[in-house]
$ cat entry-v7.csv   # CSV, C-alpha atoms
chain,number,residue,atom,x,y,z
Y,1192,LEU,CA,-0.9,159.9,20.2
Y,1193,LYS,CA,0.2,162.7,18.0
Y,1194,SER,CA,4.0,163.2,17.4
Y,1195,THR,CA,5.3,166.6,17.7
Y,1196,PRO,CA,8.3,167.4,15.3
Y,1197,HIS,CA,11.5,168.7,16.9
Y,1198,PRO,CA,12.3,172.3,15.9
Y,1199,GLN,CA,15.3,172.7,13.7
Y,1200,PRO,CA,18.1,174.9,15.2
Y,1201,THR,CA,18.4,178.3,13.6
Y,1202,LEU,CA,21.9,179.3,12.6
Y,1203,GLN,CA,22.7,182.8,13.5
Y,1204,PRO,CA,24.9,184.7,11.0
Y,1205,HIS,CA,26.9,186.4,13.8
Y,1206,ILE,CA,28.4,183.0,14.8
Y,1207,PHE,CA,30.5,182.8,11.6
Y,1208,ARG,CA,31.7,186.3,11.6
Y,1209,GLY,CA,35.1,185.4,13.2
Y,1210,LEU,CA,35.8,182.4,10.9
Y,1211,ARG,CA,37.5,182.6,7.5
Y,1212,ARG,CA,37.8,180.0,4.7
Y,1213,PRO,CA,41.2,178.5,4.2
Y,1214,SER,CA,43.2,180.2,1.5
Y,1215,VAL,CA,45.1,178.3,-1.3
Y,1216,THR,CA,47.8,180.9,-1.3
Y,1217,GLY,CA,48.4,180.5,2.4
Y,1218,ALA,CA,48.9,176.7,2.0
Y,1219,LEU,CA,51.5,177.3,-0.8
Y,1220,CYS,CA,53.3,179.8,1.3
Y,1221,SER,CA,53.4,177.4,4.2
Y,1222,ARG,CA,54.9,174.6,2.0
Y,1223,ARG,CA,57.5,177.0,0.6
Y,1224,SER,CA,58.6,178.1,4.1
Y,1225,GLY,CA,58.9,174.5,5.2
Y,1226,ARG,CA,61.2,173.8,2.2
Y,1227,ALA,CA,63.3,176.8,3.0
Y,1228,GLU,CA,63.7,175.7,6.5
Y,1229,LYS,CA,64.8,172.2,5.3
Y,1230,ASP,CA,67.3,173.8,3.0
Y,1231,GLN,CA,68.8,175.9,5.8
Y,1232,MET,CA,69.0,172.8,8.0
Y,1233,SER,CA,70.8,170.6,5.4
Y,1234,THR,CA,74.5,170.0,5.9
Y,1235,LEU,CA,75.2,169.2,2.3
Y,1236,LYS,CA,77.4,171.7,0.4
Y,1237,ASP,CA,78.3,172.2,-3.2
Y,1238,ALA,CA,81.5,170.5,-4.2
Y,1239,LEU,CA,84.6,172.7,-4.1
Y,1240,PRO,CA,86.8,173.2,-7.1
Y,1241,ARG,CA,89.6,170.7,-7.4
Y,1242,ASP,CA,92.3,173.4,-6.7
Y,1243,GLU,CA,90.5,174.6,-3.5
Y,1244,SER,CA,89.9,171.1,-2.0
Y,1245,GLU,CA,92.2,169.3,0.4
Y,1246,LEU,CA,92.9,166.8,-2.3
Y,1247,GLY,CA,94.0,169.5,-4.7
Y,1248,ARG,CA,96.1,171.4,-2.1
Y,1249,ASN,CA,97.8,168.1,-1.1
Y,1250,ARG,CA,98.7,167.2,-4.7
Y,1251,ALA,CA,99.9,170.8,-5.4
Y,1252,MET,CA,102.1,170.7,-2.3
Y,1253,HIS,CA,103.6,167.2,-2.6
Y,1254,GLY,CA,103.3,166.4,-6.3
Y,1255,ASP,CA,103.8,162.7,-7.1
Y,1256,LYS,CA,104.6,162.1,-3.4
Y,1257,SER,CA,101.1,163.2,-2.5
Y,1258,TYR,CA,98.8,161.0,-0.4
Y,1259,TYR,CA,96.3,161.2,-3.2
Y,1260,TYR,CA,98.7,160.1,-5.9
Y,1261,ALA,CA,96.2,157.5,-7.2
Y,1262,HIS,CA,93.8,160.4,-8.2
Y,1263,SER,CA,96.2,161.8,-10.7
Y,1264,GLU,CA,95.0,162.1,-14.2
Y,1265,GLY,CA,96.9,160.7,-17.2
Y,1266,TRP,CA,98.7,158.0,-15.2
Y,1267,GLU,CA,100.4,155.5,-17.5
Y,1268,VAL,CA,102.4,152.3,-17.0
Y,1269,PRO,CA,106.1,153.0,-17.5
Y,1270,LYS,CA,107.7,151.3,-20.5
Y,1271,ASP,CA,110.3,149.5,-18.4
Y,1272,ALA,CA,107.7,148.3,-15.9
Y,1273,ILE,CA,107.6,144.5,-15.3
Y,1274,VAL,CA,104.1,143.2,-15.5
Y,1275,ARG,CA,103.5,139.9,-13.9
Y,1276,ALA,CA,100.9,137.7,-15.6
Y,1277,GLY,CA,99.7,134.2,-15.3
Y,1278,PRO,CA,96.7,132.0,-14.3
Y,1279,GLY,CA,94.6,133.8,-11.7
Y,1280,ILE,CA,96.5,137.1,-12.1
Y,1281,ILE,CA,94.5,140.0,-13.5
Y,1282,THR,CA,96.6,142.6,-15.3
Y,1283,GLY,CA,93.8,144.3,-17.3
Y,1284,GLY,CA,93.6,144.3,-21.1
Y,1285,ARG,CA,91.1,142.8,-23.4
Y,1286,PRO,CA,88.7,140.0,-22.3
Y,1287,VAL,CA,90.1,136.5,-22.7
Y,1288,LYS,CA,87.8,133.8,-24.0
Y,1289,LEU,CA,87.5,130.7,-21.9
Y,1290,GLY,CA,87.1,127.2,-23.2
Y,1291,PRO,CA,84.6,124.5,-22.0
Y,1292,ASP,CA,87.1,123.5,-19.3
Y,1293,GLY,CA,87.3,127.0,-17.9
Y,1294,GLN,CA,90.8,127.6,-19.1
Y,1295,PRO,CA,91.8,130.5,-21.5
Y,1296,GLU,CA,91.8,129.5,-25.1
Y,1297,ALA,CA,94.9,130.2,-27.2
Y,1298,PRO,CA,94.5,133.4,-29.3
Y,1299,PRO,CA,94.4,133.0,-33.0
Y,1300,ALA,CA,97.5,133.4,-35.0
Y,1301,GLY,CA,98.3,136.9,-36.1
Y,1302,SER,CA,96.1,138.5,-33.5
Y,1303,GLN,CA,97.0,141.3,-31.1
Y,1304,ASP,CA,96.8,138.9,-28.2
Y,1305,GLY,CA,99.5,136.8,-29.8
Y,1306,ALA,CA,101.8,139.8,-30.0
Y,1307,ASP,CA,101.1,140.4,-26.3
Y,1308,GLY,CA,102.0,136.9,-25.5
Y,1309,GLY,CA,105.4,137.3,-27.2
Y,1310,VAL,CA,106.1,140.4,-25.1
Y,1311,HIS,CA,105.1,138.5,-22.0
Y,1312,ASP,CA,107.6,135.7,-22.9
Y,1313,GLU,CA,110.3,138.2,-23.4
Y,1314,VAL,CA,109.6,139.8,-20.0
Y,1315,VAL,CA,109.6,136.4,-18.3
Y,1316,ALA,CA,113.0,135.5,-20.0
Y,1317,ARG,CA,114.5,138.8,-18.7
Y,1318,LEU,CA,113.2,138.2,-15.2
Y,1319,ARG,CA,114.7,134.7,-15.1
Y,1320,SER,CA,118.0,136.0,-16.3
Y,1321,ARG,CA,118.0,138.7,-13.6
Y,1322,VAL,CA,117.1,136.1,-10.9
Y,1323,ASP,CA,119.9,133.8,-12.0
Y,1324,THR,CA,122.4,136.7,-11.9
Y,1325,LEU,CA,121.3,137.7,-8.4
Y,1326,GLU,CA,121.4,134.2,-7.1
Y,1327,SER,CA,124.9,133.8,-8.4
Y,1328,GLU,CA,126.0,137.1,-6.7
Y,1329,VAL,CA,124.4,136.0,-3.4
Y,1330,ALA,CA,126.2,132.6,-3.6
Y,1331,LYS,CA,129.6,134.3,-4.2
Y,1332,THR,CA,129.0,136.7,-1.3
Y,1333,ARG,CA,128.1,133.9,1.1
Y,1334,ALA,CA,131.0,131.8,0.0
Y,1335,GLY,CA,133.4,134.6,0.7
Y,1336,TRP,CA,132.5,134.8,4.4
Y,1337,THR,CA,133.9,132.5,7.1
Y,1338,MET,CA,131.9,132.1,10.3
Y,1339,LEU,CA,133.5,133.1,13.6
Y,1340,ALA,CA,132.8,130.0,15.7
Y,1341,GLN,CA,135.1,130.4,18.7
Y,1342,PHE,CA,133.6,132.5,21.5
Y,1343,SER,CA,132.8,132.4,25.2
Y,1344,PHE,CA,129.9,133.9,27.2
Y,1345,SER,CA,129.4,135.4,30.7
Y,1346,ASP,CA,126.3,136.7,32.4
Y,1347,GLU,CA,127.0,139.7,34.7
Y,1348,GLY,CA,123.5,140.6,35.9
Y,1349,GLY,CA,122.3,143.7,34.0
Y,1350,LYS,CA,124.6,142.9,31.0
Y,1351,CYS,CA,126.2,140.0,29.2
Y,1352,LYS,CA,129.6,139.7,27.6
Y,1353,VAL,CA,130.6,137.7,24.5
Y,1354,TYR,CA,134.3,137.2,23.9
Y,1355,VAL,CA,134.9,136.4,20.3
Y,1356,GLU,CA,138.2,135.0,19.0
Y,1357,ALA,CA,138.7,136.9,15.7
Y,1358,GLY,CA,142.2,135.7,14.8
Y,1359,ASP,CA,144.9,138.0,13.4
Y,1360,LEU,CA,143.7,141.6,13.4
Y,1361,GLU,CA,147.1,143.0,12.4
Y,1362,GLN,CA,149.2,142.1,9.4
Y,1363,ARG,CA,152.8,143.0,8.8
Y,1364,GLU,CA,154.9,142.5,5.6
Y,1365,ALA,CA,158.5,143.2,4.9
Y,1366,SER,CA,159.8,143.8,1.4
Y,1367,GLU,CA,163.2,142.8,0.0
Y,1368,GLU,CA,164.4,146.3,0.3
Y,1369,GLY,CA,163.6,146.3,4.0
Y,1370,ASP,CA,160.4,148.3,3.8
Y,1371,GLN,CA,157.8,147.4,6.4
Y,1372,SER,CA,154.0,147.5,5.7
Y,1373,PHE,CA,151.3,147.2,8.3
Y,1374,GLY,CA,147.6,146.5,7.9
Y,1375,GLU,CA,144.7,146.3,10.4
Y,1376,ALA,CA,141.4,144.5,10.0
Y,1377,ALA,CA,138.2,146.5,9.7
Y,1378,ILE,CA,135.5,145.6,12.3
Y,1379,THR,CA,131.9,146.5,12.3
Y,1380,VAL,CA,129.3,145.6,14.9
Y,1381,THR,CA,125.5,146.0,14.5
Y,1382,PHE,CA,123.2,145.8,17.5
Y,1383,SER,CA,119.5,145.0,17.3
Y,1384,LYS,CA,116.9,144.3,19.9
Y,1385,ARG,CA,117.4,140.5,19.7
Y,1386,SER,CA,120.6,140.0,17.8
Y,1387,CYS,CA,124.2,141.3,17.3
Y,1388,VAL,CA,126.2,141.0,14.0
Y,1389,LEU,CA,130.0,141.1,14.1
Y,1390,ARG,CA,131.9,141.4,10.8
Y,1391,VAL,CA,135.7,141.3,10.5
Y,1392,VAL,CA,137.4,142.1,7.2
Y,1393,SER,CA,141.2,141.9,7.0
Y,1394,VAL,CA,143.1,144.4,4.9
Y,1395,ARG,CA,146.4,143.5,3.4
Y,1396,PRO,CA,149.3,145.9,3.6
Y,1397,ASP,CA,149.0,146.6,-0.1
Y,1398,GLY,CA,145.4,147.8,0.5
Y,1399,SER,CA,143.6,144.8,-1.0
Y,1400,LEU,CA,141.0,142.9,1.0
Y,1401,GLY,CA,141.8,139.6,2.6
Y,1402,THR,CA,139.7,137.2,4.5
Y,1403,ARG,CA,136.1,138.1,5.6
Y,1404,ARG,CA,134.7,136.6,8.8
Y,1405,ALA,CA,131.4,137.2,10.5
Y,1406,ALA,CA,129.0,135.9,13.2
Y,1407,THR,CA,125.4,136.6,14.2
Y,1408,PHE,CA,124.6,136.2,17.9
Y,1409,MET,CA,121.0,135.7,18.9
Y,1410,CYS,CA,120.0,137.0,22.4
Y,1411,GLU,CA,117.7,135.2,24.8
Y,1412,THR,CA,115.8,138.4,25.6
Y,1413,GLU,CA,115.7,142.0,24.2
Y,1414,VAL,CA,118.7,144.3,24.7
Y,1415,VAL,CA,119.0,148.1,24.6
Y,1416,PRO,CA,121.0,148.7,21.3
Y,1417,ASP,CA,122.2,152.2,22.1
Y,1418,LYS,CA,123.6,150.9,25.5
Y,1419,CYS,CA,125.5,148.0,24.0
Y,1420,THR,CA,129.3,148.4,23.3
Y,1421,TYR,CA,132.3,146.5,22.0
Y,1422,LYS,CA,136.0,146.5,22.5
Y,1423,VAL,CA,138.8,145.3,20.2
Y,1424,ASP,CA,142.0,143.9,21.5
Y,1425,ARG,CA,144.2,143.7,18.4
Y,1426,SER,CA,147.2,142.2,20.1
Y,1427,LYS,CA,145.2,139.2,21.3
Y,1428,GLY,CA,142.9,139.0,18.3
Y,1429,ARG,CA,139.8,139.3,20.4
Y,1430,VAL,CA,136.6,141.3,20.2
Y,1431,THR,CA,134.6,141.8,23.5
Y,1432,ILE,CA,130.9,142.5,23.0
Y,1433,THR,CA,128.8,143.9,25.9
Y,1434,LEU,CA,125.1,143.5,25.6
Y,1435,LYS,CA,122.9,145.6,27.9
Y,1436,LYS,CA,119.7,143.7,28.9
Y,1437,ALA,CA,116.3,145.4,28.7
Y,1438,ASP,CA,115.3,143.2,31.7
Y,1439,GLU,CA,118.2,143.2,34.1
Y,1440,LEU,CA,116.6,140.6,36.4
Y,1441,LYS,CA,116.5,138.0,33.6
Y,1442,LYS,CA,119.4,135.6,33.7
Y,1443,TRP,CA,120.7,134.3,30.4
Y,1444,LYS,CA,122.0,130.8,29.8
Y,1445,GLY,CA,124.0,131.8,26.8
Y,1446,VAL,CA,123.8,133.1,23.2
Y,1447,THR,CA,123.4,131.2,20.0
Y,1448,THR,CA,124.8,131.8,16.5
Y,1449,GLN,CA,122.9,132.0,13.3
Y,1450,LYS,CA,124.1,130.6,10.0
Y,1451,MET,CA,125.3,133.1,7.4
$ encode --input "entry-v7.csv" --output "structure tokens"
Amino acid sequence: LKSTPHPQPTLQPHIFRGLRRPSVTGALCSRRSGRAEKDQMSTLKDALPRDESELGRNRAMHGDKSYYYAHSEGWEVPKDAIVRAGPGIITGGRPVKLGPDGQPEAPPAGSQDGADGGVHDEVVARLRSRVDTLESEVAKTRAGWTMLAQFSFSDEGGKCKVYVEAGDLEQREASEEGDQSFGEAAITVTFSKRSCVLRVVSVRPDGSLGTRRAATFMCETEVVPDKCTYKVDRSKGRVTITLKKADELKKWKGVTTQKM
């Protein structure tokens, strides 16, 4: 047997007339156009100048009352500010060296930290003095008020009434020359959703303040403060408080008083 070789195909030049070799310049242009499209699709914008941004406009309009007050430059702690410090409280400043037990070590004598400690002690002393003064004033104020303990209660459906015996609401004095002086007590009533505060301050005929009496009544359910009223009967020494219920179908068993 004799093998016959297969004929090789002949490539005709006219087959490649419509084809072109890829161009390097065309590839670069394609990449550049793709980047341009991405830049156009991006939503990121350059930052606005501070005076044209919402932050800048808000600060220019409201000043130190601006919502962005924390972004103000040059903020400093006032000299009269009270800085609370102690274990576990971070107030800034220089780092504090800790000992083997994890507690801060005492600063060496004559160091800046030692001076800061003296300032801290002075601030604490002033705070304690101020607290003592306020506690003394509160104690005097509370001691000067007498509680109104005599009252009665009635539930009338959509409203409740509290009858408070306030004592003498009128005062009368006569001088040796026969002059007559009169004085009436000042009464204030404060209505809240769940409470009512009655205050009675007697005024002497000479204009000085006399006894001070008060009572805080706690309601069982919420009331409508702007619908509540009160009435003063000075001849009988009685104050009638009318409480308008928010839920008119709710029946009350009574009202309780709160200590002053």
$ residues_around --input "entry-v7.csv" --residues "Ala1357 (chain Y)" --least-positions-apart "6" --cutoff "9 Å" --atoms "only C-alpha atoms" --output "list of chain:residue names"
Y:Leu1339, Y:Gln1341, Y:Phe1342, Y:Val1391, Y:Arg1404, Y:Ala1405, Y:Lys1427, Y:Gly1428, Y:Arg1429, Y:Val1430
$ residues_around --input "entry-v7.csv" --residues "region 1431-1436 of chain Y" --least-positions-apart "4" --cutoff "12 Å" --atoms "all atoms listed in the file" --output "PyMOL selection string"
chain Y and resi 1342-1357+1378-1389+1406-1425+1427+1440-1443+1445-1446
$ atom_distance --input "entry-v7.csv" --atom1 "CA of Ala1365 (chain Y)" --atom2 "CA of Thr1337 (chain Y)"
26.9 Å
$ atom_distance --input "entry-v7.csv" --atom1 "CA of Leu1400 (chain Y)" --atom2 "CA of Asp1370 (chain Y)"
20.3 Å
$ atom_distance --input "entry-v7.csv" --atom1 "CA of Val1392 (chain Y)" --atom2 "CA of Ala1377 (chain Y)"
5.1 Å
